[in-house]
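*Asks:* Below you will find the structure I want to go over with you.
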Amino acid sequence: MSNILLTVRQSDNLQYFVWMILASMVIVPSAVVKAEESGASQYVIEEIFVTARKRQENLLDIPESVVAITGDTIERRNLKGLEDIGFAIPNLNLSMRADGYPNASIRGVGSFGNTQGVGFYLDDVQVFSDASSRFGDLARIEVLKGPQGTIYGGSNIGGAVKFVSARPDPESVFGRAKIRAGEQGLVDLEASVNVPLGDNGWAMNLFGFAMEDDGYLVNPNTTRTNGLATNNNKDVGEVEEQGARVSITGPLSENLSAYMSLRFNDLDAPNNAWIRELDETLDHPNIVATSKNNRHERETFAGMLELTLELENVDVISLTSFTDTDSSRLSDLDIREEFLLDLERPEGMKVFTQELRLMSSSDNPLQWLVGVYYSKFEEEMRSELIWYDGREDAAGNFSGPLGCALGMPTCSGVWAGEVVTLAQEMDTIRTPFELRNRDKSNLAAFANLNYSWEDWEVGIGLRIDRWENKSRNLDTGIADSQDDVEVLPRFSLTRWLSEEAMLYTTVAFGYEPGGFNLANAEGENSLFGFDPEDVTSYEVGWKGRLMNGRMTASVAAFYIDYESRQVEYQAEVNGGVIEGIINVGDSEQFGIEGEFVANVNEFLTLSAAVGYVDAEWKSGTVVADVDLGGSTPPGVQDFNWNLSADFRHPVGNRAGLDLITGLQIIQSGEYEGLQAFNPVTNPDFILVNLQIGVTGAAWELSLNVENIFDEEYYVDVQHFPNYFLLDGGDNIVIGTLGQPRQVSVSFNYHF
């Protein structure tokens, strides 16, 4: 087996292998299948129901762009990380930030770095502290494009990504177990079981997983200038993650029911494992030659309780949640083998949310939803910069190069500018980076009404949202707060062309709250505020079924007016590093997107999606005395698309035994990196993923090849201060290297 895989990986003609498989999936069915019977019911695409508007609806009945990835697709394609979701949906630029948090923008709204931009949800509970966790056992993933402020509130200015878990079923016992193993030392185990709890309608679902992956980044433990070397684990990208979730549902009385869940997630993964490049040639090495391996350890406990009271024509729903996350991150900021400068960031986050909503449950032409919402986010950050020094006298005075840099009174001029190399004499000085407490809260009331008559539907929504942000710098004792009230209307108009197609137009508003940085751009140790950003989005679109229900398709065009756009920055000030968020200015963008899914016959399903965004800063947007007007804001992909084919065919005359094949071709568009001024351009790239397997009545065995052509790419790039002065230059380029080719085998058993 290993020889076969090696031959495939080294073949110069691997492209022909993939195209041959794709061609066979199209040609073989026509050769082995008799002429199809006519009739509208044959090979009809199943309806997909989502809860984008907090009620269950057909995906094709919603007057906005919503994309759903089903649980079967998630499992078959092994969609585990944020990048996998982002690659699957055009105009969604989604990846794991280098420190383990999401980078996300939708249609160019939102930004990479510490800005939020896109809301993440698990079972309608917003996830603030660990959105990059693996949730697992999902019924589907819903991606809502465009601002979702009216129903979901702040931090959804670009849209929302909703993870919907499989709920317990009181009818029967069932479950599954899956193991996946492959290159990079990958071992991935997960299992779930559904158990009815008696004959009273109660049921429980248990899910758990454990995963290890050595990763593809290498620390060579390079010899330092003093002739010594550290002994770090060479597998810089090693990841260990495990988690569990238990959920219970059932009736409390004749018309009152409950759904409860508790989850746990433990992550030990790389943190800021950047690739260091001296210029913008982007050579994509996999070497991270640091004095210490950067790590991120995170532990999360979370729970939620949903109560549903069913009255005559009205449902009353209460949704309560809590989340407790402890995180510790270590970064080697000089990204070199020398002991120069590290950053240690312990952080604690506690979140409480409460939502109460009433919604109509009849089949009347008027459908309505009203509610109130409250959230409280408490964060404690105790991060410090760690400076390494090679000179310390008997009295504890630092007189080496670090002491000189920090202006120590005992500094000896002979050490000025010297690189520290004497590990035996090395000591450290710690200086505050982010010693703070931060409390954020939201209180909102919202309503959404939809009225239908003949072939028309009109929707009107409104949310009044009060946000508050309090921050305290524990190093100086300075505290400040800001708050405001946002009014977020929404309007949609739908014209049904037939029972199978609709035209719609939607106007939506969204915002991202303001906040505070601990240091401003001049490096003063104080609080420096930034304002909220606002978006107005205009969208027109068409959705429908074609080919007697064997194809679904949609197309949308949009224009977005983006004001006071928040962008992250990093800067080197007085020998130290600061980072924060500033309001750069206003931008505007327009674009189009479309997708289709078609059942070619009973064996083959083809799908395709495309997205294009043209975004630019408005004239008068000035940074560093440069007018950015007409240039592209960061994090906005210009053109991206994907194609996929899924083929399933019986093997010979063996009943219940099928050959399954899946192929995805993904083009990720070019975009500008983190900074608004003088950004690094991240070029476009194409990825191809392949799955081949055999499935029986209760099991599935498959071979999975991710990034089959071993494309080299970054999921983010930016300029960064250069703390290792010997290789010259004020700045370097850093990037998070994407997944190279990885071959794995998985076995899935259902019972």
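Identifiers in the structure tokens: chain A, B, ... in order shown; residue index from 1 per chain; ligand index from 1 in order shown.
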Please identify the helix (DSSP H, G or I) residues within range 416-657 of chain A (assignment by DSSP from backbone atoms) and present them as an MDAnalysis selection string.
*Replies:* chainID A and resid 423:425 547:549
*Asks:* Run DSSP on the backbone of this structure and report the residues of range 249-307 of chain A it assigns to strand (DSSP E), as a PyMOL selection string.
*Replies:* chain A and resi 249-251+256-270+275-277+295-307
*Asks:* Would you list the contacts of Phe433 in chain A as a PyMOL selection string, taking every protein, DNA or RNA residue within 7 Å and counting only C-alpha atoms, but skipping same-chain residues closer than 3 positions in sequence?
*Replies:* chain A and resi 383-385
*Asks:* Per residue of range 686-751 of chain A within 7 Å of range 261-282 of chain A, what are the shortest atom pair and its distance in Å to one decimal, counting only C-alpha atoms, with rows by chain and residue number, as a tab-separated table?
*Replies:*
residue	atom	partner	partner_atom	distance
A:Ile732	CA	A:Leu278	CA	4.8
A:Val733	CA	A:Glu277	CA	5.0
A:Ile734	CA	A:Arg276	CA	5.0
A:Gly735	CA	A:Ile275	CA	5.3
A:Thr736	CA	A:Trp274	CA	5.3
A:Leu737	CA	A:Ile275	CA	6.8
*Asks:* Just the residues within 12 Å of Arg550 in chain A, please, counting only C-alpha atoms, with nothing from its chain fewer than 4 positions along; format it as a ChimeraX atom specification.
*Replies:* /A:38-47,500,544-546,596-602,604-607
